Amino acid sequence: VSTQSTWGTNDGQFNNPTSVTISKFSDELFVCDQHNHRIQVFQPNGTFIRKWGSQGNGQHQFNNPFYVIISQCNEVMVSDRDNNCIKIFKTDGQYLRQFNLPNNGNPLNITTSSNGDVYVSDYSKHCIHHFV
């Protein structure tokens with residue numbers, strides 16, 4: 001077991017990393033860096049590759065991102081907790097689209113089905129949302 005990075009705001013540093021996923025397409029690690037309001041990407045050996053995001057509510061901004069996954073279509077899906085949505089990007093960080101949760105829900109975890117449906121847990125509304 002090895003530990004990667006330390007607390008901070010520089011490239012490769014974290015402030016409350018809440019989730020990590022590995023792309024089966026590239027073996028890159030995608031880390032949801034919650035309090036730095038960004039996604040960071042690393043090589044399997046821990047070398048920093050790229051990042052995107054800042055605090056706010058724009059297309060490339062987050063407000064407490066919580067969870068990140070890579071879909072079967074090789075898209076990065078991020079639960080943007082306090083912006084009440086799931087934002088979807090290409091693996092290079094290019095914004096594609098987003099799903100807004102009804103009634104200002106707060107998304108946490110995300111999963112996808114084999115046919116591409118998206119399921120999102122909503123901790124403030126105590127439910128699971130299903131996006132087709």
# chains A, B, ... in the order shown; residues from 1 in each chain; ligands from 1

call {"tool": "select_by_dssp", "arguments": {"residues": "chain A", "states": "strand (DSSP E)", "output": "PyMOL selection string"}}
result
chain A and resi 17-22+29-33+38-42+48-52+65-70+76-80+85-89+95-100+107-112+118-122+127-131

call {"tool": "residues_around", "arguments": {"residues": "Asn103 (chain A)", "least_positions_apart": "2", "cutoff": "12 Å", "atoms": "only C-alpha atoms", "output": "number ranges by chain"}}
result
A: 83-85, 100-101, 105-107, 122, 124-127, 129

call {"tool": "write_last_selection", "arguments": {"atoms": "N, CA, C and O atoms", "output": "JSON list (two decimals), in the first residue's frame"}}
result
[["chain", "number", "residue", "atom", "x", "y", "z"],
["A", 83, "ASN", "N", -24.50, 21.94, -6.22],
["A", 83, "ASN", "CA", -25.10, 22.50, -7.42],
["A", 83, "ASN", "C", -26.27, 21.64, -7.89],
["A", 83, "ASN", "O", -26.87, 21.91, -8.93],
["A", 84, "ASN", "N", -26.55, 20.57, -7.14],
["A", 84, "ASN", "CA", -27.74, 19.75, -7.34],
["A", 84, "ASN", "C", -27.81, 19.08, -8.71],
["A", 84, "ASN", "O", -28.87, 19.04, -9.34],
["A", 85, "CYS", "N", -26.67, 18.55, -9.17],
["A", 85, "CYS", "CA", -26.67, 17.95, -10.50],
["A", 85, "CYS", "C", -25.57, 16.91, -10.64],
["A", 85, "CYS", "O", -24.67, 16.80, -9.81],
["A", 100, "ASN", "N", -29.93, 17.61, -13.94],
["A", 100, "ASN", "CA", -30.28, 18.34, -12.73],
["A", 100, "ASN", "C", -31.22, 17.49, -11.90],
["A", 100, "ASN", "O", -32.17, 16.90, -12.43],
["A", 101, "LEU", "N", -30.97, 17.42, -10.59],
["A", 101, "LEU", "CA", -31.84, 16.66, -9.71],
["A", 101, "LEU", "C", -33.10, 17.45, -9.41],
["A", 101, "LEU", "O", -33.04, 18.67, -9.22],
["A", 105, "GLY", "N", -32.38, 18.43, -5.13],
["A", 105, "GLY", "CA", -31.79, 17.27, -4.46],
["A", 105, "GLY", "C", -30.28, 17.39, -4.37],
["A", 105, "GLY", "O", -29.66, 18.17, -5.09],
["A", 106, "ASN", "N", -29.69, 16.63, -3.47],
["A", 106, "ASN", "CA", -28.24, 16.64, -3.28],
["A", 106, "ASN", "C", -27.67, 15.27, -3.62],
["A", 106, "ASN", "O", -27.77, 14.33, -2.83],
["A", 107, "PRO", "N", -27.03, 15.13, -4.80],
["A", 107, "PRO", "CA", -26.52, 13.84, -5.24],
["A", 107, "PRO", "C", -25.28, 13.42, -4.46],
["A", 107, "PRO", "O", -24.44, 14.24, -4.13],
["A", 122, "ASP", "N", -29.72, 10.39, -3.51],
["A", 122, "ASP", "CA", -29.99, 11.76, -3.10],
["A", 122, "ASP", "C", -30.16, 11.77, -1.58],
["A", 122, "ASP", "O", -31.16, 11.28, -1.05],
["A", 124, "SER", "N", -30.49, 14.32, 0.58],
["A", 124, "SER", "CA", -31.42, 15.26, 1.20],
["A", 124, "SER", "C", -32.88, 14.90, 0.97],
["A", 124, "SER", "O", -33.74, 15.23, 1.78],
["A", 125, "LYS", "N", -33.16, 14.19, -0.13],
["A", 125, "LYS", "CA", -34.53, 13.79, -0.44],
["A", 125, "LYS", "C", -34.80, 12.32, -0.11],
["A", 125, "LYS", "O", -35.91, 11.84, -0.29],
["A", 126, "HIS", "N", -33.76, 11.61, 0.36],
["A", 126, "HIS", "CA", -33.89, 10.21, 0.80],
["A", 126, "HIS", "C", -34.47, 9.31, -0.29],
["A", 126, "HIS", "O", -35.44, 8.59, -0.07],
["A", 127, "CYS", "N", -33.85, 9.40, -1.49],
["A", 127, "CYS", "CA", -34.36, 8.60, -2.60],
["A", 127, "CYS", "C", -33.25, 8.30, -3.60],
["A", 127, "CYS", "O", -32.13, 8.78, -3.47],
["A", 129, "HIS", "N", -32.63, 8.53, -7.74],
["A", 129, "HIS", "CA", -33.12, 9.09, -9.01],
["A", 129, "HIS", "C", -32.63, 8.19, -10.14],
["A", 129, "HIS", "O", -31.52, 7.69, -10.11]]

call {"tool": "residues_around", "arguments": {"residues": "Ile22 (chain A)", "least_positions_apart": "4", "cutoff": "10 Å", "atoms": "only C-alpha atoms", "output": "VMD selection string"}}
result
chain A and resid 26 to 31 41 to 44 68 to 70

call {"tool": "residues_around", "arguments": {"residues": "region 113-120 of chain A", "least_positions_apart": "4", "cutoff": "7 Å", "atoms": "only C-alpha atoms", "output": "list in words"}}
result
Pro107, Leu108, Asn109, Ile128, His129, His130, Phe131 and Val132 of chain A

call {"tool": "residues_around", "arguments": {"residues": "Ile88 (chain A)", "least_positions_apart": "2", "cutoff": "12 Å", "atoms": "only C-alpha atoms", "output": "PyMOL selection string"}}
result
chain A and resi 39+59-62+67-71+73-80+85-86+90-100+110+118

call {"tool": "select_by_dssp", "arguments": {"residues": "region 15-128 of chain A", "states": "helix (DSSP H, G or I)", "output": "ChimeraX atom specification"}}
result
/A:34-36,81-83,102-104

call {"tool": "write_last_selection", "arguments": {"atoms": "C-alpha atoms", "output": "compact mmCIF listing (two decimals), in the first residue's frame"}}
result
# COMPACT_ATOMS: atom_id res chain seq x y z
CA GLN A 34 -14.20 17.92 -2.89
CA HIS A 35 -12.98 21.05 -1.10
CA ASN A 36 -10.71 22.07 -3.98
CA ARG A 81 -23.58 17.95 -4.52
CA ASP A 82 -24.38 21.59 -3.79
CA ASN A 83 -25.10 22.50 -7.42
CA PRO A 102 -35.51 17.49 -9.08
CA ASN A 103 -36.49 19.63 -6.07
CA ASN A 104 -32.90 20.76 -5.42

call {"tool": "atom_distance", "arguments": {"atom1": "CA of Gly58 (chain A)", "atom2": "CA of Thr112 (chain A)"}}
result
24.3 Å
